[in-house]
Amino acid sequence: MPNSHPDVLVIGAGPAGISAAWELSRKGKKVLVVEKESQVGGLAKTMRFEEASGVYFTDNGPHRFISKQQYLTDMVGDLLGEHWTKVPRLTRFFVGDKFYFYPVRLGNVLKQIGPIKAVHFFVDYLKEHICSRISPREMKSFEDFVVARFGRTLAEFNMINYTEKIWGIPAGEISIDWAQQRIAGMSLWATIKKMIFKKSGPKSLTSAFYYPDRGAGLIYETMADEVIKNGGEILLSSEPVSFSCAGKIVKEVKLKRKDGELFSVSPSAVVSSVPVTQCIGLFDPPPPAEVLSAAKNLKFRSQVYLFLTINKEKVTDDNWVYFPDKNIPFGRICEPKNFSRIMSPEGKTSLFIEFFCFEGDEIWNASKAMLFDMAIEWLEKLKFLKREEVINVYYLKQLYAYPVYDLNYKNHVKKALSFLDSFENYYAIGRPGRFRYTNQDHSIEMGLLAAKSILEGSRMDIDSVGGGKEYYEQAEKK
């Protein structure tokens, strides 16, 4: 049995949770990490598939590492050493039967869309720009934001369609917070400057990224190894059942192993990335009715994946490709070998295919065979590969992939997190724990800030992560 009185219980071994455990353990805290899955890494884990032709590795889709916080890049680089590599980015999107580079390249765009459509884009943008000076558009939704920044025609060409495909709701029902969080620095002028002058721009336009040579999960596997070396414990295939509280203190956490065995621990502090919609219902005594209602009104987007091992040297030169068109069933593919050659055996390659869905919908309930038939029809049509070149097909599912930023989400999140944050020794972190679409660097920073809160006895502002400030630059390197 694990230590029943750890200094800190960390629930969830994704980027946020394992980073918190890593920092706490190296500062002398006795840490117990509990993870529902059979491996660490959460949404950034790297999976291994062993076949006769060799071993294939894949992440849950493309996981590049880019951060405005240089100390985070340096920290991970120090952790991984020679396994931390810089990868040139090659990404495209497929719209209207044509491929376009992203970040966009002026010559490629003009050649593909032609002069008439290019003029249409620009005139539409000017019209919107002039109207914004005379009678500014009310900014409530993602649609409002991108139409104002790019004009209706260009917004519908490559932003509204893909965003609706990801979230499964109309762009007019998606909060403007999504745009302000993800593409705040983007505009038509910024994009043109990037194309012509090759200057740096928003993170989404960067042309290179860092990547562990054995998959994104190597970061979190290495951290997990360090936690164990520092005297911590990691318990996989286990999950929380209840949080017993006395006033505003979590006193005891009941946990369940995969075999159903129950046991309890009494930590001094709890750091949790359990989805906010799930953990609210685990508190005893239960939260007020309005908090429970708020949690129920929050939605997560799920994903279904196909991982194909392929008897072919390569499929594309791309790291990943976007497919905004809604008639194509999948939203994105990536070729792990184009991140690192180690990800596939010599002479072979693989594809990771992402389908966006809600739990229980048609895509979620589709069989592996049905999804493969849907996917291979398009992969053959696009001349990526032939059905007979596919060696094996693996079928995977992921709940709680993306928090849905609908127009009403903010009030619900505020109520739910206000309840969780009111507990003196409970720290909600990570994408699912704070209902916030975070990248790896943001999740790691959340974990480090939670650890700092515990170590210094003063709660850090975790929700400010990603706001551009240097929050943890004094973090020590090991």
# chains A, B, ... in the order shown; residues from 1 in each chain; ligands from 1

$ select_by_dssp --residues "range 241-358 of chain A" --states "helix (DSSP H, G or I)" --output "PDB file with C-alpha atoms, in the first residue's frame"
ATOM      1  CA  VAL A 276     -13.849  20.071 -13.039  1.00  0.00           C
ATOM      2  CA  THR A 277     -17.133  18.552 -14.199  1.00  0.00           C
ATOM      3  CA  GLN A 278     -16.224  15.293 -12.475  1.00  0.00           C
ATOM      4  CA  CYS A 279     -14.416  16.357  -9.298  1.00  0.00           C
ATOM      5  CA  ILE A 280     -17.165  18.725  -8.104  1.00  0.00           C
ATOM      6  CA  GLY A 281     -19.371  15.707  -7.454  1.00  0.00           C
ATOM      7  CA  LEU A 282     -16.717  13.954  -5.345  1.00  0.00           C
ATOM      8  CA  ALA A 289     -26.835  23.300  -5.696  1.00  0.00           C
ATOM      9  CA  GLU A 290     -25.711  26.259  -7.851  1.00  0.00           C
ATOM     10  CA  VAL A 291     -22.155  24.895  -7.963  1.00  0.00           C
ATOM     11  CA  LEU A 292     -23.349  21.445  -8.990  1.00  0.00           C
ATOM     12  CA  SER A 293     -25.548  23.051 -11.652  1.00  0.00           C
ATOM     13  CA  ALA A 294     -22.630  25.131 -12.957  1.00  0.00           C
ATOM     14  CA  ALA A 295     -20.445  22.035 -13.311  1.00  0.00           C
ATOM     15  CA  LYS A 296     -23.195  20.180 -15.181  1.00  0.00           C
ATOM     16  CA  PRO A 336       5.104  10.991 -36.095  1.00  0.00           C
ATOM     17  CA  LYS A 337       8.189  10.123 -38.142  1.00  0.00           C
ATOM     18  CA  ASN A 338       8.339  13.743 -39.332  1.00  0.00           C
ATOM     19  CA  ARG A 341      12.814   9.329 -37.119  1.00  0.00           C
ATOM     20  CA  ILE A 342      12.844   7.205 -33.971  1.00  0.00           C
ATOM     21  CA  MET A 343       9.033   7.171 -33.959  1.00  0.00           C
TER      22      MET A 343
END

$ closest_residue --among "A:Glu226, A:Asp7, A:Asp406, A:Asp78" --to "Arg26 in chain A" --atoms "only C-alpha atoms"
A:Glu226

$ residues_around --residues "Gly14 in chain A" --least-positions-apart "4" --cutoff "7 Å" --atoms "only C-alpha atoms" --output "list of chain:residue names"
A:Ile18, A:Val40, A:Gly41, A:Gly42, A:Leu43, A:Ala44

$ write_last_selection --atoms "C-alpha atoms" --output "PDB file, in the first residue's frame"
ATOM      1  CA  ILE A  18       3.509  15.397 -12.926  1.00  0.00           C
ATOM      2  CA  VAL A  40       1.861   9.069 -17.231  1.00  0.00           C
ATOM      3  CA  GLY A  41       1.589  11.999 -19.629  1.00  0.00           C
ATOM      4  CA  GLY A  42      -2.169  12.591 -19.857  1.00  0.00           C
ATOM      5  CA  LEU A  43      -3.121  14.146 -23.184  1.00  0.00           C
ATOM      6  CA  ALA A  44       0.606  14.445 -23.962  1.00  0.00           C
TER       7      ALA A  44
END

$ residues_around --residues "Phe372 in chain A" --least-positions-apart "3" --cutoff "8 Å" --atoms "only C-alpha atoms" --output "PyMOL selection string"
chain A and resi 306+368-369+375-376+393

$ write_last_selection --atoms "C-alpha atoms" --output "mmCIF file, in the first residue's frame"
data_model
loop_
_atom_site.group_PDB
_atom_site.id
_atom_site.type_symbol
_atom_site.label_atom_id
_atom_site.label_comp_id
_atom_site.auth_asym_id
_atom_site.auth_seq_id
_atom_site.Cartn_x
_atom_site.Cartn_y
_atom_site.Cartn_z
ATOM 1 C CA LEU A 306 -6.995 5.900 -35.558
ATOM 2 C CA LYS A 368 -12.926 0.858 -35.838
ATOM 3 C CA ALA A 369 -13.862 -0.642 -39.209
ATOM 4 C CA ALA A 375 -10.614 7.656 -43.412
ATOM 5 C CA ILE A 376 -9.007 5.474 -46.063
ATOM 6 C CA VAL A 393 -5.104 -0.106 -37.453
#

$ closest_residue --among "A:Val315, A:Leu382, A:Ala16, A:Val390" --to "Lys98 in chain A" --atoms "only C-alpha atoms"
A:Leu382

$ atom_distance --atom1 "CA of Trp22 in chain A" --atom2 "CA of Leu396 in chain A"
28.4 Å

$ atom_distance --atom1 "CA of His120 in chain A" --atom2 "CA of Val147 in chain A"
14.0 Å

$ select_by_dssp --residues "range 383-439 of chain A" --states "strand (DSSP E or B)" --output "number ranges by chain"
A: 390-403, 406, 426-428

$ atom_distance --atom1 "CA of Val304 in chain A" --atom2 "CA of Gly331 in chain A"
10.7 Å

$ decode --residues "range 351-445 of chain A" --atoms "C-alpha atoms" --output "short mmCIF file (atom, residue, chain, number, x, y, z; two decimals), in the first residue's frame"
data_model
loop_
_atom_site.label_atom_id
_atom_site.label_comp_id
_atom_site.auth_asym_id
_atom_site.auth_seq_id
_atom_site.Cartn_x
_atom_site.Cartn_y
_atom_site.Cartn_z
CA LEU A 351 -0.29 8.19 -39.38
CA PHE A 352 -2.28 9.45 -36.41
CA ILE A 353 -5.80 10.51 -37.44
CA GLU A 354 -8.03 12.68 -35.24
CA PHE A 355 -11.82 12.75 -35.28
CA PHE A 356 -13.57 15.44 -33.20
CA CYS A 357 -16.78 14.41 -31.47
CA PHE A 358 -18.97 14.50 -28.39
CA GLU A 359 -19.21 11.48 -26.13
CA GLY A 360 -22.09 9.33 -27.37
CA ASP A 361 -22.47 10.85 -30.84
CA GLU A 362 -22.16 9.07 -34.19
CA ILE A 363 -18.38 9.34 -34.43
CA TRP A 364 -17.86 8.33 -30.78
CA ASN A 365 -20.00 5.22 -31.29
CA ALA A 366 -18.57 4.27 -34.69
CA SER A 367 -16.58 1.04 -34.88
CA LYS A 368 -12.93 0.86 -35.84
CA ALA A 369 -13.86 -0.64 -39.21
CA MET A 370 -16.36 2.13 -39.96
CA LEU A 371 -13.89 4.89 -39.10
CA PHE A 372 -11.13 3.25 -41.09
CA ASP A 373 -13.36 2.97 -44.16
CA MET A 374 -14.26 6.66 -43.80
CA ALA A 375 -10.61 7.66 -43.41
CA ILE A 376 -9.01 5.47 -46.06
CA GLU A 377 -11.44 6.70 -48.72
CA TRP A 378 -10.05 10.21 -48.30
CA LEU A 379 -6.44 9.16 -47.76
CA GLU A 380 -6.54 7.31 -51.08
CA LYS A 381 -8.32 10.20 -52.79
CA LEU A 382 -5.60 12.58 -51.57
CA LYS A 383 -2.96 10.09 -52.79
CA PHE A 384 -1.41 9.78 -49.33
CA LEU A 385 -1.50 5.99 -49.26
CA LYS A 386 -3.34 2.90 -50.46
CA ARG A 387 -5.41 0.56 -48.35
CA GLU A 388 -3.04 -2.35 -48.98
CA GLU A 389 -0.12 -0.31 -47.56
CA VAL A 390 -1.72 -0.23 -44.11
CA ILE A 391 -0.19 -2.85 -41.81
CA ASN A 392 -2.33 -2.38 -38.70
CA VAL A 393 -5.10 -0.11 -37.45
CA TYR A 394 -5.35 0.89 -33.77
CA TYR A 395 -8.51 2.46 -32.36
CA LEU A 396 -8.33 4.90 -29.43
CA LYS A 397 -10.73 7.19 -27.55
CA GLN A 398 -10.22 10.27 -25.39
CA LEU A 399 -12.72 12.00 -23.11
CA TYR A 400 -12.18 15.54 -21.83
CA ALA A 401 -9.98 16.54 -24.79
CA TYR A 402 -11.14 20.15 -25.19
CA PRO A 403 -13.14 22.40 -22.83
CA VAL A 404 -15.98 23.91 -24.85
CA TYR A 405 -15.94 27.71 -24.68
CA ASP A 406 -19.59 28.43 -25.41
CA LEU A 407 -21.10 31.85 -24.79
CA ASN A 408 -22.12 30.99 -21.23
CA TYR A 409 -19.13 28.96 -20.07
CA LYS A 410 -17.36 31.73 -18.14
CA ASN A 411 -20.05 32.17 -15.46
CA HIS A 412 -20.26 28.41 -14.95
CA VAL A 413 -16.47 28.09 -14.65
CA LYS A 414 -16.31 30.96 -12.20
CA LYS A 415 -18.84 29.32 -9.87
CA ALA A 416 -17.22 25.90 -10.07
CA LEU A 417 -13.64 27.11 -9.58
CA SER A 418 -14.61 29.55 -6.83
CA PHE A 419 -15.87 26.56 -4.88
CA LEU A 420 -12.74 24.49 -5.50
CA ASP A 421 -10.37 27.38 -4.83
CA SER A 422 -12.09 28.10 -1.51
CA PHE A 423 -10.43 25.01 -0.01
CA GLU A 424 -7.17 25.99 1.64
CA ASN A 425 -5.27 22.84 0.69
CA TYR A 426 -6.82 21.95 -2.70
CA TYR A 427 -5.26 23.16 -5.96
CA ALA A 428 -7.12 22.63 -9.26
CA ILE A 429 -4.72 22.70 -12.22
CA GLY A 430 -4.38 21.72 -15.87
CA ARG A 431 -6.64 21.81 -18.89
CA PRO A 432 -9.44 19.66 -17.42
CA GLY A 433 -8.95 20.81 -13.83
CA ARG A 434 -9.41 24.51 -14.61
CA PHE A 435 -11.50 24.11 -17.76
CA ARG A 436 -8.96 25.99 -19.82
CA TYR A 437 -7.44 25.12 -23.16
CA THR A 438 -3.77 25.00 -22.23
CA ASN A 439 -0.70 23.98 -24.20
CA GLN A 440 2.03 21.86 -22.66
CA ASP A 441 4.02 24.86 -21.46
CA HIS A 442 0.99 26.39 -19.76
CA SER A 443 0.10 23.12 -18.05
CA ILE A 444 3.67 22.67 -16.81
CA GLU A 445 3.65 26.22 -15.48
#
